[in-house]
Every structure is written in C-alpha cells, then in structure tokens.
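Here's the structure, in structure tokens; my notes come after.
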Amino acid sequence: MRLMRCLLMVFAVLLLAGSVQAETLATPATNNAVAPGNGASLTGVWEGTVLFASVRAELVQEPEMVNDQAYPFTGVVTMSSGSDKAVYHVFGFVNDEAVAGMHPPSGAQFMGSLFSPNELRGTITLKSGQQITLTATRKPATP
C-alpha cells in the first residue's frame, strides 16, 4: 500500500509537469477538449486500435480530486490481436488539461486529452521510448 501511495504521488507530479507537454499532443483545453471539472468523466468503456491490435479500456474515475489538482482513475485495458490477448491494470490522473495513465510493470505511459465526452486522444509511450498515437471512443452504456 505504501508503494502504491508513492507511485501515485510520483505520477501526480508527472501529470502536472506533463500538462504543458500535453499541449503538443493534443488541442489545448480551450480548443474543444472537455475539462473533467466541467462534468466530463473517464468512467466507462473505451475502444480504439493501436497498430494491428484492438484496445478496450474499462475505466473508473474517482469523484474526489487529489490535492485539488486531479481526479484519479483506475482500469483494465485489454489488447487483442487475432487470438492473442493481453490484459493490463492501469491507473492515472485526469485534470482540466490532460489525461495521464500508466502501467508500472511494463513502463508504458499514456498522455492525452478528452476531446469530447466520448473521444479520448493521446500518445502511448513504451518503456523503449517508442510512441504510438491512440484515439479511443466511449461505448454507450448497456442497460
């Protein structure tokens, strides 16, 4: 538990430092991005494609901000290509300017923005430094 708190604090610092960098990855919040403080939330099922794999992320955003700076989120990301499937447990933070997430065991990180309540855009950076662009759309909730 102590390790997780340390990781969360380190990640919060990275998020805040990365907010400026997010402007180079996506349109700033004042140009069509949706600010989570204005009612948008990451909670839901998101789908997109990365290279030849389909990506499905089931995310849950917490309702309370951490240090009045960002909302934490957790989730499960499943990448599928043919019969191959990989599952990643991720966590991150979202604020009015950026969405930042990571999978600590692999070193993969995500930095992007909500462009509408149903569209998330950003870049995945692998431990090797390789960057992959991702656009994901929120799937409608099933009754």
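Chain lettering (A, B, ...) mirrors the order of the structure tokens, residue numbering begins at 1 for each chain separately, and ligand numbering begins at 1 in order of display.
The residue set within 6 Å of region 42-46 of chain A, counting only C-alpha atoms and dropping same-chain residues fewer than 4 places from it, reads Arg56, Ala57, Glu58, Leu59, Val60, Gln61, Ala136, Thr137, Arg138 and Lys139 of chain A.
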Those selected residues, please, written with C-alpha atoms and delivered as a compact mmCIF listing (two decimals), in the first residue's frame.
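For reference, selection-v3.txt as written:
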# COMPACT_ATOMS: atom_id res chain seq x y z
CA ARG A 56 -10.64 -1.93 -24.85
CA ALA A 57 -10.31 0.05 -21.63
CA GLU A 58 -12.76 -0.18 -18.76
CA LEU A 59 -12.02 2.89 -16.63
CA VAL A 60 -13.42 4.22 -13.35
CA GLN A 61 -12.73 7.82 -12.35
CA ALA A 136 -10.49 5.93 -28.35
CA THR A 137 -14.23 6.36 -28.30
CA ARG A 138 -16.56 5.74 -25.39
CA LYS A 139 -19.01 2.91 -25.96
Q: With a distance cut-off of 6 Å and only C-alpha atoms, select the neighbouring residues of Gly122 (chain A), excluding the residue or stretch itself and same-chain residues fewer than 5 positions from it, and output the selection as a list in words.
A: Met111, Gly112, Thr133 and Leu134 of chain A
Quick one: write out the picked residues with N, CA and C atoms as a CSV table (one decimal), in the first residue's frame?
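Printed below is part.csv as written:
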chain,number,residue,atom,x,y,z
A,111,MET,N,-0.4,9.8,-22.3
A,111,MET,CA,-0.6,11.3,-22.1
A,111,MET,C,-1.5,11.8,-23.2
A,112,GLY,N,-2.7,12.4,-22.8
A,112,GLY,CA,-3.6,12.9,-23.8
A,112,GLY,C,-4.6,13.8,-23.3
A,133,THR,N,0.3,6.7,-31.3
A,133,THR,CA,-0.9,7.6,-31.2
A,133,THR,C,-2.2,6.7,-31.0
A,134,LEU,N,-3.1,7.2,-30.1
A,134,LEU,CA,-4.3,6.4,-29.8
A,134,LEU,C,-5.5,7.4,-29.8
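A straight line drawn from CA of Glu47 (chain A) to CA of Pro140 (chain A) is 10.8 Å long.
When only C-alpha atoms are used to compute distances to Ser116 (chain A), the closest of the residues A:Thr142, A:Asn67, A:Thr135, A:Ser128 turns out to be A:Thr135.
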Q) Expressed in Å to a single decimal, how great is the separation between CA of Gln69 (chain A) and CA of Pro104 (chain A)? A) 21.6 Å
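Of the residues listed (A:Leu51, A:Phe110, A:Val66, A:Ala100), A:Leu51 shows the shortest atom-to-atom separation from Met79 (chain A); distances use only C-alpha atoms.
Residues with any atom within 8 Å of Ser81 (chain A), counting only C-alpha atoms and excluding same-chain neighbours fewer than 3 positions away, are A:Phe52, A:Ala53, A:Ser54, A:Asp84, A:Lys85.
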Q.
Could you list, as a PyMOL selection string, every residue within 10 Å of Ser106 (chain A), counting only C-alpha atoms and ignoring same-chain residues fewer than 3 positions away?
A. chain A and resi 88+102-103+109+126-128
Expected file contents, prior selection, N, CA and C atoms, as a compact mmCIF listing (two decimals), in the first residue's frame:
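The resulting file, again_27.txt, is shown below:
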# COMPACT_ATOMS: atom_id res chain seq x y z
N TYR A 88 -3.92 -5.44 -19.00
CA TYR A 88 -3.09 -4.55 -18.21
C TYR A 88 -3.95 -3.81 -17.20
N MET A 102 -0.73 5.08 -16.56
CA MET A 102 0.44 4.24 -16.71
C MET A 102 0.18 2.81 -16.28
N HIS A 103 1.02 1.92 -16.79
CA HIS A 103 1.06 0.53 -16.38
C HIS A 103 2.47 0.29 -15.84
N GLN A 109 3.29 4.43 -20.65
CA GLN A 109 2.60 5.62 -20.15
C GLN A 109 1.68 6.16 -21.24
N LEU A 126 6.04 3.74 -24.83
CA LEU A 126 6.52 2.49 -24.28
C LEU A 126 7.84 2.69 -23.54
N LYS A 127 8.22 1.74 -22.74
CA LYS A 127 9.46 1.81 -21.98
C LYS A 127 10.65 2.05 -22.91
N SER A 128 10.60 1.52 -24.12
CA SER A 128 11.68 1.68 -25.10
C SER A 128 11.75 3.10 -25.65
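If you look at CA of Thr125 (chain A) and CA of Glu97 (chain A), they are 18.5 Å away from each other.
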